[in-house]
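**Q** One structure, as structure tokens, below. Some questions next.
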Amino acid sequence: MTITVFVPLEAERSAWRRLFDGYAAFYKVPMDDAIAGRVWSWIHDPKHPVEGVVARRGSEIVGLAHFRAMPSPLRGVEIGFLDDLFVDPAGRGARIGEALIAHVVETAKTRGWPRIRWITGDDNYRARTLYDRVAKKTAWNTYEITL
């Protein structure tokens with residue numbers, strides 16, 4: 001079945017929300033209407049850095065990706081950063097995640113971003129299998145300060 005990747009319209013909002021809720025649940029991050037509404041508005045605001053796409057297989061929306069430009073001061077360029085990638089569990093293994101990443105790669109080529117970065121949970125083995133296939137794992141560890 002063909003997979004198409006595109007910016008979701010209002011008609012796809014509930015499908016996007018279902019996936020976004022699934023993504024939040026996977027990472028055990030509380031989700032509510034205010035947060036989801038804010039992210040939805042970001043991905044539709046051309047002035048906001050966060051962009052979003054969904055993947056359709058057949059008639060169903062089965063995956064999402066949120067990404068943005070990120071300055072890389074050491075290189076003096078902007079690169080791409082893939083913030084979120086989620087595929088409906090029922091659609092995993094059907095190259096939906098790969099199609100979403102390919103869309104971000106094409107965006108990067110168009111915009112002159114020389115690389116794309118992302119992070120994932122160390123225990124996210126299923127996704128890491130995909131990431132190992134399409135990208136090179138770096139030696140960096142991620143740290144965070146919560147305020």
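Residue numbering restarts at 1 in every chain; chains get A, B, ... in the order shown in the structure tokens, and ligands count up from 1 in that same order.
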Pick out each residue of chain A that DSSP on the backbone tags as strand (DSSP E); I need them as an MDAnalysis selection string.
**A** chainID A and resid 3:6 51:57 60:72 77:87 116:117
**Q** Could you turn the residues from that selection into a file that holds C-alpha atoms, as a PDB file, in the first residue's frame?
**A**
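The resulting file, again-v2.pdb, is reproduced below:
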ATOM      1  CA  ILE A   3       2.377   5.785   1.973  1.00  0.00           C
ATOM      2  CA  THR A   4       1.929   9.522   1.470  1.00  0.00           C
ATOM      3  CA  VAL A   5       3.398  12.163   3.789  1.00  0.00           C
ATOM      4  CA  PHE A   6       1.881  15.634   4.046  1.00  0.00           C
ATOM      5  CA  GLU A  51       6.684  21.779  11.398  1.00  0.00           C
ATOM      6  CA  GLY A  52       4.567  18.678  11.307  1.00  0.00           C
ATOM      7  CA  VAL A  53       3.596  16.012   8.844  1.00  0.00           C
ATOM      8  CA  VAL A  54       1.529  12.871   8.952  1.00  0.00           C
ATOM      9  CA  ALA A  55       1.708   9.655   6.976  1.00  0.00           C
ATOM     10  CA  ARG A  56      -1.316   8.131   5.290  1.00  0.00           C
ATOM     11  CA  ARG A  57      -1.450   4.482   4.249  1.00  0.00           C
ATOM     12  CA  GLU A  60      -5.738   5.891   7.438  1.00  0.00           C
ATOM     13  CA  ILE A  61      -3.394   8.377   9.104  1.00  0.00           C
ATOM     14  CA  VAL A  62      -0.795   6.073  10.648  1.00  0.00           C
ATOM     15  CA  GLY A  63       2.199   8.202  11.655  1.00  0.00           C
ATOM     16  CA  LEU A  64       3.443  11.662  12.509  1.00  0.00           C
ATOM     17  CA  ALA A  65       6.683  13.595  12.580  1.00  0.00           C
ATOM     18  CA  HIS A  66       7.518  17.005  14.031  1.00  0.00           C
ATOM     19  CA  PHE A  67      10.771  18.663  13.031  1.00  0.00           C
ATOM     20  CA  ARG A  68      12.523  22.030  12.837  1.00  0.00           C
ATOM     21  CA  ALA A  69      15.663  23.876  11.891  1.00  0.00           C
ATOM     22  CA  MET A  70      18.315  23.945  14.598  1.00  0.00           C
ATOM     23  CA  PRO A  71      21.400  26.158  14.596  1.00  0.00           C
ATOM     24  CA  SER A  72      24.703  24.306  14.792  1.00  0.00           C
ATOM     25  CA  VAL A  77      24.942  26.262   9.715  1.00  0.00           C
ATOM     26  CA  GLU A  78      21.397  25.262  10.446  1.00  0.00           C
ATOM     27  CA  ILE A  79      20.690  21.549  10.611  1.00  0.00           C
ATOM     28  CA  GLY A  80      17.425  19.692  10.975  1.00  0.00           C
ATOM     29  CA  PHE A  81      16.144  18.337  14.271  1.00  0.00           C
ATOM     30  CA  LEU A  82      13.502  15.615  14.346  1.00  0.00           C
ATOM     31  CA  ASP A  83      11.634  16.232  17.592  1.00  0.00           C
ATOM     32  CA  ASP A  84       8.941  13.581  17.374  1.00  0.00           C
ATOM     33  CA  LEU A  85       8.333  10.475  15.295  1.00  0.00           C
ATOM     34  CA  PHE A  86       5.484   8.107  16.032  1.00  0.00           C
ATOM     35  CA  VAL A  87       3.825   5.320  14.096  1.00  0.00           C
ATOM     36  CA  ILE A 116      19.423  15.822  10.718  1.00  0.00           C
ATOM     37  CA  ARG A 117      19.601  14.893  14.388  1.00  0.00           C
TER      38      ARG A 117
END
**Q** Using only C-alpha atoms, determine which residues lie at most 9 Å from region 28-41 of chain A, disregarding the query and same-chain residues fewer than 6 positions distant; provide the list as a list in words.
**A**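 My reading of the contact set: Arg13, Trp16, Arg17, Phe20, Asp21, His48, Val50 and Gly52 of chain A.
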**Q** Would you please work out which residue, of A:Val105, A:Pro73, A:Ala139, A:Lys47, is nearest to Ile119 (chain A) when using only C-alpha atoms?
**A**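 Among the listed residues, A:Ala139 lies closest to Ile119 (chain A).
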**Q** Of the candidates A:Trp140, A:Pro114, A:Asp123, A:Gly97, which one gets nearest to Gly76 (chain A) if we count only C-alpha atoms?
**A**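 Among the listed residues, the smallest separation from Gly76 (chain A) belongs to A:Pro114.
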